[in-house]
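Worksheet: the structure to be examined is printed underneath.
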Amino acid sequence: MACFLVPAAEAVVTTVISKAAEKKDQDLTKIETESHVSAPETPKKVPFSRKLRWLSNMLWGGAVLLCFEHLWHGEVVPYPPFLTAAADPGDTAEMLHEMSTVGVCMALLITAVWVGMVIVTGIIEKRAVPEEKATQEV
């Protein structure tokens with residue numbers, strides 16, 4: 001009924017955090033370019049703000065898809081109270097139970113997939129470092 005609200009809430013939080021992290025990454029890049037220190041070329045690493053944006057995009061996509069599915073089945077309507085379960089107290093209890101079980105599980109699963117993506121990205125980045133050093137030595 002309203003399980004899409006849990007991933008949507010997590011998406012709001014991750015979007016705000018990723019915007020703040022992105023601003024911090026831009027400030028650090030600006031400081032590095034102004035210092036005029038010539039550092040040896042290192043392979044590009046994916047900034048954490050971009051990785052966090054991956055999570056945000058996955059959560060928003062899942063929430064929008066679930067919202068459409070609930071709209072399709074008539075559980076969400078375009079007029080107040082918007083959630084049909086919110087009109088009846090008995091249905092509200094069922095909706096809150098669904099949000100706390102199904103919604104939380106979906107948000108955790110999306111986050112677990114994202115953690116896997118970040119781990120794989122870290123492994124790929126570590127493999128790129130020895131290859132770069134080998135080509136520089138030759």
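Numbering starts fresh at 1 for the residues of each chain in the structure tokens, the chains themselves are lettered A, B, ... in the order given, and ligands are numbered from 1 as they appear.
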
Taking only C-alpha atoms into account, produce a table as CSV in which each residue of region 8-29 of chain A with an atom at most 12 Å from an atom of region 104-110 of chain A appears once, together with its shortest atom pair and the distance in Å to one decimal, ordered by chain and rising number.
```
residue,atom,partner,partner_atom,distance
A:Ala8,CA,A:Ala107,CA,8.7
A:Ala9,CA,A:Ala107,CA,9.5
A:Glu10,CA,A:Ala107,CA,7.4
A:Ala11,CA,A:Ala107,CA,9.2
A:Thr14,CA,A:Ala107,CA,11.9
```

Selected residues written out, C-alpha atoms, as an mmCIF file, in the first residue's frame:
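In the end it all went to result_6.cif:
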```
data_model
loop_
_atom_site.group_PDB
_atom_site.id
_atom_site.type_symbol
_atom_site.label_atom_id
_atom_site.label_comp_id
_atom_site.auth_asym_id
_atom_site.auth_seq_id
_atom_site.Cartn_x
_atom_site.Cartn_y
_atom_site.Cartn_z
ATOM 1 C CA ALA A 8 11.600 7.345 -1.098
ATOM 2 C CA ALA A 9 12.491 8.645 2.374
ATOM 3 C CA GLU A 10 15.932 7.025 2.144
ATOM 4 C CA ALA A 11 16.310 8.524 -1.337
ATOM 5 C CA THR A 14 20.892 10.160 0.299
#
```

### Task
Quick one: pull the distance between CA of Val120 (chain A) and CA of Gly62 (chain A), Å, one decimal.
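Separating CA of Val120 (chain A) from CA of Gly62 (chain A) is a distance of 21.7 Å.
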
### Task
Identify all residues of region 2-127 of chain A in helix (DSSP H, G or I) (DSSP on the backbone) and supply them as a VMD selection string.
chain A and resid 5 to 34 48 to 72 84 to 87 89 to 127

### Message
So that I can see what lies close to Met95 (chain A), please list as a list of chain:residue names the residues with an atom at most 8 Å from it, counting only C-alpha atoms and leaving out residues fewer than 5 positions away in the same chain.
### Response
A:Met1, A:Ala2, A:Cys3, A:Ala85, A:Ala86

Using only C-alpha atoms, please write the residues we just selected to a file, as a PDB file, in the first residue's frame.
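This went into result.pdb:
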```pdb
ATOM      1  CA  MET A   1       0.000   0.000   0.000  1.00  0.00           C
ATOM      2  CA  ALA A   2       2.658   2.516   0.921  1.00  0.00           C
ATOM      3  CA  CYS A   3       5.859   0.488   0.950  1.00  0.00           C
ATOM      4  CA  ALA A  85      -5.430   2.906   3.386  1.00  0.00           C
ATOM      5  CA  ALA A  86      -5.253   6.194   5.274  1.00  0.00           C
TER       6      ALA A  86
END
```

### Task
Would you kindly return, as a list of chain:residue names, each protein, DNA or RNA residue with an atom no farther than 12 Å from any atom of Thr84 (chain A), considering only C-alpha atoms and excluding same-chain residues fewer than 2 positions away?
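Listing them by chain and then by number gives A:Met1, A:Ala2, A:His70, A:Leu71, A:His73, A:Gly74, A:Glu75, A:Val76, A:Val77, A:Pro78, A:Tyr79, A:Pro80, A:Pro81, A:Phe82, A:Ala86, A:Ala87, A:Asp88, A:Pro89, A:Gly90, A:Asp91, A:Thr92, A:Glu94, A:Met95.
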
Export, as a PDB file, in the first residue's frame, the selected residues with N, CA and C atoms.
```
ATOM      1  N   MET A   1       0.804  -1.195   0.000  1.00  0.00           N
ATOM      2  CA  MET A   1       0.000   0.000   0.000  1.00  0.00           C
ATOM      3  C   MET A   1       0.847   1.259   0.000  1.00  0.00           C
ATOM      4  N   ALA A   2       1.813   1.322   0.868  1.00  0.00           N
ATOM      5  CA  ALA A   2       2.658   2.516   0.921  1.00  0.00           C
ATOM      6  C   ALA A   2       4.118   2.148   1.131  1.00  0.00           C
ATOM      7  N   HIS A  70       1.436   0.945  -7.366  1.00  0.00           N
ATOM      8  CA  HIS A  70       0.359   1.169  -6.406  1.00  0.00           C
ATOM      9  C   HIS A  70      -0.738   2.051  -7.003  1.00  0.00           C
ATOM     10  N   LEU A  71      -0.351   3.011  -7.813  1.00  0.00           N
ATOM     11  CA  LEU A  71      -1.326   3.853  -8.515  1.00  0.00           C
ATOM     12  C   LEU A  71      -2.150   2.999  -9.466  1.00  0.00           C
ATOM     13  N   HIS A  73      -2.914  -0.111  -9.221  1.00  0.00           N
ATOM     14  CA  HIS A  73      -3.844  -0.968  -8.489  1.00  0.00           C
ATOM     15  C   HIS A  73      -4.853  -0.195  -7.631  1.00  0.00           C
ATOM     16  N   GLY A  74      -4.832   1.119  -7.702  1.00  0.00           N
ATOM     17  CA  GLY A  74      -5.806   1.933  -6.974  1.00  0.00           C
ATOM     18  C   GLY A  74      -5.509   2.123  -5.503  1.00  0.00           C
ATOM     19  N   GLU A  75      -4.298   1.824  -5.080  1.00  0.00           N
ATOM     20  CA  GLU A  75      -3.942   2.010  -3.677  1.00  0.00           C
ATOM     21  C   GLU A  75      -3.469   3.428  -3.404  1.00  0.00           C
ATOM     22  N   VAL A  76      -3.089   4.136  -4.441  1.00  0.00           N
ATOM     23  CA  VAL A  76      -2.721   5.541  -4.356  1.00  0.00           C
ATOM     24  C   VAL A  76      -3.631   6.284  -5.326  1.00  0.00           C
ATOM     25  N   VAL A  77      -4.229   7.366  -4.856  1.00  0.00           N
ATOM     26  CA  VAL A  77      -5.160   8.141  -5.677  1.00  0.00           C
ATOM     27  C   VAL A  77      -4.687   9.588  -5.752  1.00  0.00           C
ATOM     28  N   PRO A  78      -5.069  10.315  -6.801  1.00  0.00           N
ATOM     29  CA  PRO A  78      -4.590  11.691  -6.964  1.00  0.00           C
ATOM     30  C   PRO A  78      -5.351  12.736  -6.130  1.00  0.00           C
ATOM     31  N   TYR A  79      -6.112  12.330  -5.147  1.00  0.00           N
ATOM     32  CA  TYR A  79      -6.852  13.265  -4.294  1.00  0.00           C
ATOM     33  C   TYR A  79      -6.676  12.835  -2.835  1.00  0.00           C
ATOM     34  N   PRO A  80      -6.826  13.781  -1.901  1.00  0.00           N
ATOM     35  CA  PRO A  80      -6.629  13.438  -0.484  1.00  0.00           C
ATOM     36  C   PRO A  80      -7.556  12.326  -0.040  1.00  0.00           C
ATOM     37  N   PRO A  81      -7.120  11.439   0.786  1.00  0.00           N
ATOM     38  CA  PRO A  81      -5.869  11.342   1.534  1.00  0.00           C
ATOM     39  C   PRO A  81      -4.733  10.680   0.749  1.00  0.00           C
ATOM     40  N   PHE A  82      -4.824  10.564  -0.559  1.00  0.00           N
ATOM     41  CA  PHE A  82      -3.802  10.023  -1.463  1.00  0.00           C
ATOM     42  C   PHE A  82      -3.562   8.521  -1.275  1.00  0.00           C
ATOM     43  N   ALA A  86      -5.212   5.175   4.229  1.00  0.00           N
ATOM     44  CA  ALA A  86      -5.253   6.194   5.274  1.00  0.00           C
ATOM     45  C   ALA A  86      -6.678   6.625   5.603  1.00  0.00           C
ATOM     46  N   ALA A  87      -7.650   6.226   4.802  1.00  0.00           N
ATOM     47  CA  ALA A  87      -9.035   6.611   5.045  1.00  0.00           C
ATOM     48  C   ALA A  87      -9.674   5.808   6.169  1.00  0.00           C
ATOM     49  N   ASP A  88      -9.227   4.598   6.404  1.00  0.00           N
ATOM     50  CA  ASP A  88      -9.817   3.717   7.417  1.00  0.00           C
ATOM     51  C   ASP A  88      -8.742   3.348   8.446  1.00  0.00           C
ATOM     52  N   PRO A  89      -9.026   3.514   9.748  1.00  0.00           N
ATOM     53  CA  PRO A  89      -8.014   3.198  10.768  1.00  0.00           C
ATOM     54  C   PRO A  89      -7.516   1.753  10.724  1.00  0.00           C
ATOM     55  N   GLY A  90      -8.382   0.819  10.393  1.00  0.00           N
ATOM     56  CA  GLY A  90      -7.946  -0.580  10.296  1.00  0.00           C
ATOM     57  C   GLY A  90      -6.963  -0.787   9.167  1.00  0.00           C
ATOM     58  N   ASP A  91      -7.226  -0.128   8.037  1.00  0.00           N
ATOM     59  CA  ASP A  91      -6.305  -0.220   6.901  1.00  0.00           C
ATOM     60  C   ASP A  91      -4.998   0.516   7.174  1.00  0.00           C
ATOM     61  N   THR A  92      -5.063   1.572   7.989  1.00  0.00           N
ATOM     62  CA  THR A  92      -3.848   2.319   8.322  1.00  0.00           C
ATOM     63  C   THR A  92      -2.863   1.438   9.088  1.00  0.00           C
ATOM     64  N   GLU A  94      -2.613  -1.791   8.866  1.00  0.00           N
ATOM     65  CA  GLU A  94      -2.068  -2.736   7.885  1.00  0.00           C
ATOM     66  C   GLU A  94      -1.018  -2.048   7.005  1.00  0.00           C
ATOM     67  N   MET A  95      -1.280  -0.793   6.622  1.00  0.00           N
ATOM     68  CA  MET A  95      -0.340  -0.033   5.801  1.00  0.00           C
ATOM     69  C   MET A  95       0.977   0.191   6.549  1.00  0.00           C
TER      70      MET A  95
END
```

### Query
Near region 17-33 of chain A, within 10 Å and counting only C-alpha atoms, which residues show up once chain neighbours fewer than 4 positions away are dropped, as a list in words?
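Neighbouring residues, sequence-local ones excluded: Ala11, Val12, Val13, Val37, Ser38, Ala39, Pro47, Phe48, Ser49, Arg50, Lys51, Leu52, Arg53, Trp54, Leu55 and Ser56 of chain A.
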
### Message
Counting only C-alpha atoms, which residue out of A:Gly61, A:Gly116, A:Gly103, A:Gly122 sits closest to Leu5 (chain A)?
### Response
A:Gly103

#### Entry: One-decimal distance in Å that lies between CA of Val129 (chain A) and CA of Asn57 (chain A)
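The value is 28.3 Å.
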
#### Entry: Distance in Å - CA of Glu98 (chain A) versus CA of Met117 (chain A)
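A separation of 27.7 Å between them.
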